[in-house]
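structure28.csv (CSV, C-alpha atoms) appears below.
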chain,number,residue,atom,x,y,z
A,624,MET,CA,65.8,120.8,101.6
A,625,ALA,CA,64.9,124.2,103.1
A,626,ALA,CA,61.2,123.2,103.4
A,627,GLU,CA,62.1,119.9,105.1
A,628,LEU,CA,64.4,121.6,107.5
A,629,ARG,CA,61.7,124.2,108.2
A,630,ASP,CA,59.0,121.6,108.8
A,631,PHE,CA,61.2,119.6,111.1
A,632,ALA,CA,62.6,122.3,113.2
A,633,GLY,CA,59.6,124.6,113.3
A,634,TYR,CA,61.3,127.5,111.6
A,635,SER,CA,59.9,129.5,108.7
A,636,ILE,CA,63.1,130.8,107.4
A,637,PRO,CA,63.6,130.6,103.5
A,638,GLY,CA,66.8,128.9,102.8
A,639,ALA,CA,68.7,126.3,104.8
A,640,ALA,CA,71.7,128.5,105.1
A,641,ASN,CA,69.8,130.9,107.4
A,642,LEU,CA,68.8,128.2,110.0
A,643,PRO,CA,70.4,128.2,113.4
A,644,SER,CA,73.0,125.5,114.0
A,645,LEU,CA,70.8,123.8,116.5
A,646,ALA,CA,68.1,123.3,113.9
A,647,ILE,CA,70.6,121.9,111.4
A,648,ALA,CA,72.0,119.5,114.0
A,649,ARG,CA,68.5,118.3,114.9
A,650,TRP,CA,67.5,117.8,111.3
A,651,SER,CA,70.7,115.9,110.5
A,652,ALA,CA,70.3,113.6,113.5
A,653,ALA,CA,66.7,113.0,112.4
A,654,GLN,CA,68.1,111.6,109.1
A,655,GLY,CA,70.2,109.1,111.2
A,656,TRP,CA,73.4,111.1,110.7
A,657,PRO,CA,75.5,111.4,113.9
A,658,VAL,CA,76.6,115.0,114.4
A,659,HIS,CA,79.5,116.7,116.2
A,660,PRO,CA,80.4,120.4,116.7
A,661,LEU,CA,82.7,122.4,114.4
A,662,ALA,CA,84.7,125.4,115.6
A,663,PRO,CA,82.7,128.7,115.2
A,664,GLY,CA,83.0,130.0,111.7
A,665,ARG,CA,85.3,127.1,110.6
A,666,LYS,CA,84.9,123.8,108.9
A,667,THR,CA,87.2,122.0,111.3
A,668,PRO,CA,86.1,120.2,114.6
A,669,SER,CA,85.9,122.2,117.7
A,670,GLY,CA,89.1,121.8,119.9
A,671,ASN,CA,89.5,119.1,122.4
A,672,CYS,CA,89.8,119.8,126.1
A,673,ALA,CA,93.3,120.2,127.6
A,674,ALA,CA,93.5,116.6,128.8
A,675,CYS,CA,92.7,115.3,125.3
A,676,ARG,CA,95.4,117.5,123.7
A,677,ARG,CA,98.2,115.6,125.6
A,678,PRO,CA,100.7,114.0,123.2
A,679,GLY,CA,99.8,110.4,122.5
A,680,HIS,CA,96.3,110.7,123.8
A,681,SER,CA,93.6,108.8,121.9
A,682,HIS,CA,89.8,108.7,121.8
A,683,ARG,CA,90.1,105.1,122.7
A,684,GLY,CA,89.5,104.8,126.4
A,685,CYS,CA,88.9,108.5,126.8
A,686,GLY,CA,86.0,109.4,129.1
A,687,CYS,CA,85.0,112.6,127.4
A,688,ALA,CA,82.4,111.1,125.1
A,689,SER,CA,80.7,109.2,128.0
A,690,ALA,CA,80.8,112.5,130.0
A,691,GLY,CA,78.9,114.3,127.2
A,692,ARG,CA,81.8,116.3,125.8
A,693,TRP,CA,82.6,116.7,122.1
A,694,CYS,CA,86.3,116.0,122.2
A,695,HIS,CA,87.9,114.0,119.3
A,696,GLY,CA,85.7,115.3,116.5
A,697,PHE,CA,83.7,112.8,114.6
A,698,TYR,CA,84.5,110.1,117.2
A,699,ALA,CA,82.1,112.1,119.5
A,700,ALA,CA,79.3,112.3,117.0
A,701,THR,CA,75.9,111.6,118.4
A,702,LEU,CA,72.2,111.1,117.7
A,703,ASP,CA,71.2,111.8,121.3
A,704,SER,CA,68.7,114.7,121.2
A,705,ALA,CA,69.5,115.9,124.8
A,706,ARG,CA,73.2,116.1,124.0
A,707,ILE,CA,72.6,117.9,120.7
A,708,ASP,CA,70.3,120.4,122.4
A,709,ARG,CA,72.8,121.0,125.1
A,710,TRP,CA,75.8,121.5,122.8
A,711,TRP,CA,74.3,123.8,120.3
A,712,GLY,CA,71.8,125.3,122.7
A,713,GLU,CA,74.6,126.5,124.9
A,714,TYR,CA,77.0,127.3,122.1
A,715,PRO,CA,74.9,128.4,119.1
A,716,ASP,CA,78.0,129.6,117.2
A,717,LEU,CA,79.3,126.1,116.7
A,718,GLY,CA,79.0,124.6,113.2
A,719,VAL,CA,77.7,121.1,112.4
A,720,GLY,CA,79.7,118.2,111.2
A,721,VAL,CA,78.4,114.8,110.2
A,722,ALA,CA,80.4,111.6,110.8
A,723,CYS,CA,80.3,109.9,107.4
A,724,GLY,CA,81.1,106.3,108.4
A,725,ALA,CA,78.6,106.1,111.2
A,726,ALA,CA,75.9,107.7,109.0
A,727,GLY,CA,76.4,105.3,106.2
A,728,LEU,CA,77.5,108.2,103.9
A,729,LEU,CA,80.0,108.5,101.1
A,730,VAL,CA,80.5,112.1,99.9
A,731,VAL,CA,82.3,113.0,96.7
A,732,ASP,CA,84.1,116.3,97.4
A,733,VAL,CA,84.8,118.2,94.2
A,734,ASP,CA,87.3,121.0,94.3
A,735,ALA,CA,86.8,124.1,92.1
A,736,HIS,CA,90.2,125.7,92.5
A,737,VAL,CA,91.8,126.6,89.2
A,738,ARG,CA,95.3,125.2,89.2
A,739,GLU,CA,97.9,124.0,86.8
A,740,ILE,CA,97.2,120.4,85.9
A,741,PRO,CA,99.7,117.8,87.1
A,742,ALA,CA,101.2,115.0,85.0
A,743,ARG,CA,98.7,113.0,83.0
A,744,GLU,CA,99.1,109.9,85.1
A,745,ARG,CA,97.9,111.8,88.2
A,746,LEU,CA,94.6,113.0,86.6
A,747,LEU,CA,92.8,109.7,86.7
A,748,PRO,CA,94.9,107.2,88.7
A,749,GLY,CA,95.1,103.8,86.9
A,750,ILE,CA,93.7,105.2,83.7
A,751,GLY,CA,96.2,106.3,81.0
A,752,ILE,CA,95.6,109.5,79.1
A,753,ALA,CA,97.4,109.5,75.7
A,754,ASP,CA,99.6,112.5,74.8
A,755,SER,CA,97.3,113.0,71.8
A,756,VAL,CA,94.4,113.9,74.0
A,757,ASP,CA,93.9,117.7,74.2
A,758,LEU,CA,93.6,118.7,77.9
A,759,THR,CA,93.1,122.4,77.1
A,760,GLY,CA,90.7,123.9,79.6
A,761,LEU,CA,90.9,121.2,82.2
A,762,SER,CA,91.7,122.9,85.5
A,763,ASN,CA,89.7,121.5,88.4
A,764,GLY,CA,87.9,118.6,89.9
A,765,PHE,CA,84.6,119.2,88.0
A,766,HIS,CA,86.6,118.5,84.8
A,767,THR,CA,88.4,115.4,85.9
A,768,LEU,CA,85.2,113.9,87.4
A,769,ALA,CA,83.4,114.6,84.1
A,770,VAL,CA,86.1,112.9,82.1
A,771,LEU,CA,86.0,109.8,84.3
A,772,ALA,CA,82.2,109.6,84.1
A,773,ALA,CA,82.4,110.1,80.3
A,774,LEU,CA,84.9,107.2,80.0
A,775,ARG,CA,82.4,105.0,81.8
A,776,GLY,CA,79.4,106.2,79.8
A,777,ALA,CA,77.8,107.7,82.9
A,778,PRO,CA,76.7,111.2,83.9
A,779,SER,CA,79.0,113.1,86.2
A,780,PRO,CA,78.1,112.9,89.9
A,781,ALA,CA,78.4,116.7,90.0
A,782,GLU,CA,75.3,116.7,87.7
A,783,ASP,CA,73.4,114.0,89.6
A,784,THR,CA,70.1,115.7,90.4
A,785,THR,CA,68.7,112.5,92.1
A,786,THR,CA,70.9,113.0,95.2
A,787,LEU,CA,71.7,115.6,97.8
A,788,ARG,CA,74.3,118.1,96.5
A,789,VAL,CA,75.8,120.9,98.5
A,790,ARG,CA,77.7,123.9,97.1
A,791,THR,CA,80.7,124.9,99.2
A,792,PRO,CA,81.8,128.5,99.9
A,793,SER,CA,84.8,128.1,97.6
A,794,GLY,CA,82.6,127.0,94.7
A,795,GLY,CA,83.2,123.3,95.1
A,796,LEU,CA,80.5,120.7,95.5
A,797,HIS,CA,79.7,117.9,98.0
A,798,VAL,CA,77.8,115.1,96.4
A,799,TRP,CA,76.2,112.9,99.0
A,800,TYR,CA,75.5,109.2,98.6
A,801,GLN,CA,74.1,106.5,100.9
A,802,VAL,CA,76.1,103.3,101.3
A,803,PRO,CA,75.6,100.2,103.5
A,804,ARG,CA,77.3,100.7,106.8
A,805,ALA,CA,78.8,97.2,106.6
A,806,ARG,CA,80.9,98.2,103.6
A,807,ARG,CA,83.6,100.5,105.1
A,808,TRP,CA,84.4,102.8,102.3
A,809,GLN,CA,87.6,104.7,103.0
A,810,CYS,CA,88.5,108.4,102.7
A,811,SER,CA,91.0,109.8,100.2
A,812,THR,CA,92.7,113.1,99.6
A,813,GLY,CA,92.5,113.9,95.9
A,814,SER,CA,95.7,113.5,94.0
A,815,GLY,CA,97.9,112.4,96.9
A,816,SER,CA,100.4,109.5,96.6
A,817,GLY,CA,98.0,106.9,97.8
A,818,ARG,CA,94.2,106.3,97.3
A,819,SER,CA,92.7,108.7,94.8
A,820,LEU,CA,89.7,108.7,92.4
A,821,ALA,CA,90.6,111.8,90.4
A,822,TRP,CA,92.7,115.0,90.6
A,823,GLN,CA,91.0,117.5,92.9
A,824,VAL,CA,88.3,115.0,93.9
A,825,ASP,CA,88.3,113.8,97.5
A,826,ILE,CA,86.2,111.1,99.1
A,827,ARG,CA,84.7,111.5,102.6
A,828,ALA,CA,83.6,108.2,104.2
A,829,CYS,CA,84.7,106.0,107.1
A,830,GLY,CA,87.3,107.9,109.2
A,831,GLY,CA,86.1,111.3,108.1
A,832,TYR,CA,83.3,113.8,108.4
A,833,ILE,CA,81.5,116.3,106.2
A,834,VAL,CA,80.0,119.8,106.9
A,835,ALA,CA,76.3,119.6,107.3
A,836,PRO,CA,74.1,121.4,104.7
A,837,GLY,CA,73.2,124.9,105.9
A,838,THR,CA,76.3,125.4,108.0
A,839,VAL,CA,77.8,128.8,107.7
A,840,THR,CA,81.5,129.6,108.1
A,841,ARG,CA,83.5,132.8,107.7
A,842,ALA,CA,84.0,131.8,104.1
A,843,GLY,CA,80.3,131.4,103.4
A,844,ALA,CA,77.5,128.9,103.5
A,845,TYR,CA,77.1,125.3,102.5
A,846,GLU,CA,74.0,125.5,100.4
A,847,VAL,CA,71.9,122.8,98.9
A,848,VAL,CA,71.6,123.0,95.1
A,849,GLY,CA,69.1,121.3,92.8
A,850,PRO,CA,66.1,119.2,93.6
A,851,GLY,CA,67.8,116.4,95.5
A,852,THR,CA,67.0,116.5,99.2
A,853,ARG,CA,68.3,113.0,100.3
A,854,PRO,CA,71.4,111.0,99.6
A,855,ALA,CA,70.7,108.5,96.8
A,856,PRO,CA,72.3,105.1,96.7
A,857,LEU,CA,75.9,105.1,95.4
A,858,PRO,CA,75.8,104.5,91.6
A,859,GLY,CA,77.2,101.1,90.6
A,860,TRP,CA,79.8,102.4,88.2
A,861,LEU,CA,81.1,104.8,90.8
A,862,ALA,CA,81.3,102.1,93.4
A,863,ARG,CA,83.4,100.0,91.0
A,864,GLU,CA,85.7,102.9,90.3
A,865,LEU,CA,86.1,103.5,94.1
A,866,GLU,CA,86.9,99.9,94.6
A,867,ARG,CA,89.4,99.9,91.8
A,868,THR,CA,91.2,102.8,93.3
A,869,GLY,CA,91.5,101.2,96.8
A,870,HIS,CA,88.6,102.9,98.6
A,871,LEU,CA,87.2,99.6,99.7
A,872,PRO,CA,90.1,97.5,101.2
A,873,GLN,CA,89.4,93.8,101.5
A,874,ASP,CA,88.2,93.0,105.0
A,875,THR,CA,90.5,90.6,106.9
A,876,PRO,CA,89.7,89.3,110.4
A,877,ALA,CA,92.1,90.9,112.8
A,878,ALA,CA,92.7,87.6,114.6
A,879,THR,CA,94.0,86.0,111.4
A,880,ARG,CA,96.0,88.9,110.0
A,881,PRO,CA,99.6,87.8,109.6
A,882,VAL,CA,102.4,89.8,111.1
A,883,PRO,CA,104.2,91.6,108.3
A,884,PRO,CA,107.7,90.1,107.7
A,885,ARG,CA,109.3,93.5,108.3
A,886,ALA,CA,107.8,93.8,111.8
A,887,ARG,CA,108.4,90.2,112.6
A,888,ALA,CA,112.1,90.4,111.5
A,889,ALA,CA,112.7,93.7,113.3
A,890,VAL,CA,111.5,92.3,116.7
A,891,ALA,CA,113.4,89.1,116.2
A,892,ALA,CA,116.5,91.0,115.4
A,893,ALA,CA,116.2,93.0,118.6
A,894,GLY,CA,116.8,89.8,120.6
A,895,GLY,CA,116.4,89.3,124.3
A,896,GLY,CA,113.3,89.3,126.3
A,897,HIS,CA,110.6,86.7,126.7
A,898,ALA,CA,109.3,85.1,123.5
A,899,ALA,CA,105.7,86.0,124.4
A,900,ALA,CA,106.7,89.6,124.9
A,901,ARG,CA,108.4,89.7,121.5
A,902,ALA,CA,105.3,88.2,120.0
A,903,ALA,CA,103.1,90.8,121.7
A,904,LEU,CA,105.3,93.6,120.5
A,905,ALA,CA,105.4,92.2,116.9
A,906,ALA,CA,101.6,92.1,116.8
A,907,VAL,CA,101.1,95.8,117.7
A,908,LEU,CA,104.0,96.9,115.4
A,909,ALA,CA,102.2,95.0,112.6
A,910,GLU,CA,99.3,97.4,113.0
A,911,VAL,CA,101.6,100.3,112.6
A,912,ASP,CA,103.3,98.6,109.7
A,913,GLY,CA,100.1,98.1,107.9
A,914,CYS,CA,99.4,101.8,107.8
A,915,ALA,CA,102.0,102.2,105.0
A,916,ALA,CA,99.5,100.8,102.6
A,917,VAL,CA,96.7,103.2,103.7
A,918,PRO,CA,97.8,106.8,103.3
A,919,GLU,CA,94.7,108.3,105.0
A,920,GLY,CA,92.0,107.0,107.4
A,921,ALA,CA,94.2,104.2,108.9
A,922,SER,CA,94.1,105.5,112.4
A,923,PHE,CA,97.9,105.7,112.3
A,924,SER,CA,98.3,107.8,115.4
A,925,GLU,CA,96.1,105.6,117.5
A,926,LYS,CA,97.9,102.4,116.4
A,927,LEU,CA,101.3,104.0,117.1
A,928,ASN,CA,100.1,105.1,120.5
A,929,ARG,CA,98.8,101.6,121.3
A,930,ALA,CA,102.1,100.0,120.2
A,931,ALA,CA,104.0,102.4,122.4
A,932,TYR,CA,101.7,101.8,125.3
A,933,THR,CA,102.1,98.0,124.9
A,934,ALA,CA,105.9,98.4,124.6
A,935,GLY,CA,106.0,100.6,127.8
A,936,GLY,CA,104.1,97.9,129.7
A,937,LEU,CA,106.4,95.2,128.5
A,938,VAL,CA,109.5,97.3,129.5
A,939,ALA,CA,108.0,98.1,132.9
A,940,ALA,CA,107.4,94.4,133.5
A,941,GLY,CA,111.1,93.6,132.7
A,942,HIS,CA,110.4,91.7,129.5
A,943,LEU,CA,112.1,94.0,127.0
A,944,ASP,CA,114.7,96.8,126.9
A,945,MET,CA,113.6,100.4,126.6
A,946,GLY,CA,116.3,101.3,124.1
A,947,GLU,CA,115.4,98.4,121.8
A,948,VAL,CA,111.6,99.0,121.8
A,949,LEU,CA,112.2,102.7,121.2
A,950,ASP,CA,114.3,102.0,118.1
A,951,LEU,CA,111.6,99.6,116.8
A,952,LEU,CA,108.8,102.1,117.4
A,953,ASN,CA,110.7,104.8,115.6
A,954,GLN,CA,111.5,102.5,112.7
A,955,ALA,CA,107.9,101.4,112.3
A,956,ALA,CA,106.6,104.9,112.5
A,957,GLU,CA,109.0,106.3,109.9
A,958,ALA,CA,108.3,103.4,107.5
A,959,ALA,CA,104.6,104.0,107.7
A,960,ARG,CA,104.6,107.8,107.7
A,961,PRO,CA,108.0,109.1,106.5
A,962,GLY,CA,109.2,112.5,107.4
A,963,ARG,CA,107.1,113.2,110.5
A,964,LEU,CA,109.7,112.5,113.2
A,965,ARG,CA,108.7,115.2,115.7
A,966,ARG,CA,105.0,114.1,115.6
A,967,HIS,CA,106.1,110.4,115.9
A,968,ALA,CA,108.3,111.2,118.9
A,969,ALA,CA,105.5,112.9,120.8
A,970,ILE,CA,103.1,110.0,120.2
A,971,ILE,CA,105.7,107.4,121.1
A,972,ARG,CA,106.8,109.3,124.2
A,973,GLY,CA,103.2,109.7,125.5
A,974,GLY,CA,102.4,106.1,124.9
A,975,LEU,CA,105.5,104.8,126.5
A,976,GLN,CA,105.0,107.0,129.6
A,977,ALA,CA,101.5,105.8,130.0
A,978,GLY,CA,102.4,102.1,129.4
A,979,THR,CA,105.3,102.1,131.9
A,980,ARG,CA,102.8,103.0,134.7
A,981,ARG,CA,101.0,99.7,134.0
A,982,PRO,CA,103.5,96.8,133.7
A,983,LEU,CA,102.2,94.2,131.3
A,984,VAL,CA,102.4,90.7,132.9
A,985,LEU,CA,102.2,88.0,130.3
A,986,ARG,CA,100.8,84.5,130.9
A,987,GLY,CA,103.4,82.2,132.1
A,988,THR,CA,105.8,84.9,133.2
A,989,GLY,CA,104.6,85.4,136.7

Would you write out, as structure tokens, the structure that this file holds?
Amino acid sequence: MAAELRDFAGYSIPGAANLPSLAIARWSAAQGWPVHPLAPGRKTPSGNCAACRRPGHSHRGCGCASAGRWCHGFYAATLDSARIDRWWGEYPDLGVGVACGAAGLLVVDVDAHVREIPARERLLPGIGIADSVDLTGLSNGFHTLAVLAALRGAPSPAEDTTTLRVRTPSGGLHVWYQVPRARRWQCSTGSGSGRSLAWQVDIRACGGYIVAPGTVTRAGAYEVVGPGTRPAPLPGWLARELERTGHLPQDTPAATRPVPPRARAAVAAAGGGHAAARAALAAVLAEVDGCAAVPEGASFSEKLNRAAYTAGGLVAAGHLDMGEVLDLLNQAAEAARPGRLRRHAAIIRGGLQAGTRRPLVLRGTG
């Protein structure tokens, strides 16, 4: 890896971790991986501009990307060499992130933190572990991933020397795999209540990003380990496990997606307004409603913002009542993402305010 980076960027520095961020960004882009800046010394995206931090603001329709700014994290990721040179040339302290979905990457993120193990049913979701099985010594993601691999008669991805592996500053490991871009593998967050492969094992894919090899943060460097220098194809057994655990939702054409009964019933119960307006509101509420089945990577904030924007336009045009649509938006948001009322309120308020400035005139209503 270090040699390849050195040859590409023209540097003769031993070890990828010592390369400037600009060289890392250039090398990553040369692999076909769109890159975006990370905050100096951190593993999180660099902050958005003030306009993009407004409540309810979304990357959709935002002009920052077309203007060459890096707002909205991985949504701003690029392969454009001039933009890359400008970003990291002017701000060399920025780190480098790679947009997984756009790059056709799926990264297994193995956590090494020693923690008390959870209930047995949370170690390997969907796979029962009998009480007779001795779990002494099991304390992190390396262990649970090894158990899963052993059950399937396969080597652990953490030991896969055929693919690119990157040691994290905390002692964890990122195992990089190449996947077809047409198959939109989804992210997960370890042992959360939704999609999960194994305890302390996360998946970074569509709707997420990964820190590029060689990037240095305040905690340390992301260093390549082993002989693998390129992401290998995702192993078949691991693909089947990821599909089993909900990381590859079935694709359904948006035009044929039925409106969930809850959203349909809620809008009908509100009464009043034009039938076409109620149908339009039900359609966008259905998108919010559907996020309940996808705990991460569902673009919930954007869908809620779009629903609020549509509702605001319908209210401004006189089709619906503000009080009723506000109740429906709050109900949908709480059902999809419980316990986040303050955040929901900010997104809804911003979307409604923007929508009311553009009345939505429906066909046949004037």

Q.
as a ChimeraX atom specification, please: the residues near stretch 709-723 of chain A (cut-off 8 Å, all atoms listed in the file, same-chain neighbours under 5 positions excluded).
A. /A:643-645,647-648,651,656-666,668-669,697-698,700,728-730,827-835,838-840

What's around stretch 797-802 of chain A at 6 Å? Count all atoms listed in the file, leave out sequence neighbours fewer than 5 positions away in its own chain, and write the answer as an mmCIF file with C-alpha atoms, in the frame of the given file.
data_model
loop_
_atom_site.group_PDB
_atom_site.id
_atom_site.type_symbol
_atom_site.label_atom_id
_atom_site.label_comp_id
_atom_site.auth_asym_id
_atom_site.auth_seq_id
_atom_site.Cartn_x
_atom_site.Cartn_y
_atom_site.Cartn_z
ATOM 1 C CA GLY A 727 76.400 105.300 106.200
ATOM 2 C CA LEU A 728 77.500 108.200 103.900
ATOM 3 C CA LEU A 729 80.000 108.500 101.100
ATOM 4 C CA VAL A 730 80.500 112.100 99.900
ATOM 5 C CA VAL A 731 82.300 113.000 96.700
ATOM 6 C CA ASP A 732 84.100 116.300 97.400
ATOM 7 C CA LEU A 787 71.700 115.600 97.800
ATOM 8 C CA ARG A 788 74.300 118.100 96.500
ATOM 9 C CA VAL A 789 75.800 120.900 98.500
ATOM 10 C CA PRO A 854 71.400 111.000 99.600
ATOM 11 C CA ALA A 855 70.700 108.500 96.800
ATOM 12 C CA PRO A 856 72.300 105.100 96.700
ATOM 13 C CA LEU A 857 75.900 105.100 95.400
#

Q: Kindly give the distance, in Å, that separates atom CA of A:Ile752 and atom CA of A:Gly795, rounded to a single decimal.
A: 24.5 Å

Q: Take atom CA of A:Gly935 and atom CA of A:Ser922 and report the distance between them in Å, one decimal.
A: 20.1 Å

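Each of A:Arg804, A:His766, A:His695, A:Arg683 was checked against A:Leu747 using all atoms listed in the file; the smallest atom-to-atom distance is that of A:His766.
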
Q) Out of A:Gly655, A:Arg745, A:Asp783, A:Arg676, which residue has the shortest atom-to-atom distance to A:Gly851 when counting only C-alpha atoms? A)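 Among the listed residues, the smallest separation from A:Gly851 belongs to A:Asp783.
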
Q) atom CA of A:Ser779 and atom CA of A:Ser755 are how many Å apart? A) 23.3 Å

(Q) Excluding A:Leu952 and its own-chain neighbours fewer than 5 positions away, which residues fall within 9 Å of it when counting only C-alpha atoms? Please give them as JSON, numbers by chain. (A) {"A": [908, 911, 927, 930, 931, 934, 947, 957, 967, 971]}

Q) From the set A:Asp754, A:Thr785, A:Arg738, A:Trp860, which residue has the shortest atom-to-atom contact distance to A:Ala773, counting all atoms listed in the file? A)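 Between A:Asp754, A:Thr785, A:Arg738, A:Trp860, the residue approaching A:Ala773 most closely is A:Trp860.
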
Q) Could you name the residues that touch A:Pro836 at 7 Å or less, counting all atoms listed in the file, but leaving out those on the same chain fewer than 4 positions away, as a PyMOL selection string? A) chain A and resi 789+845-847
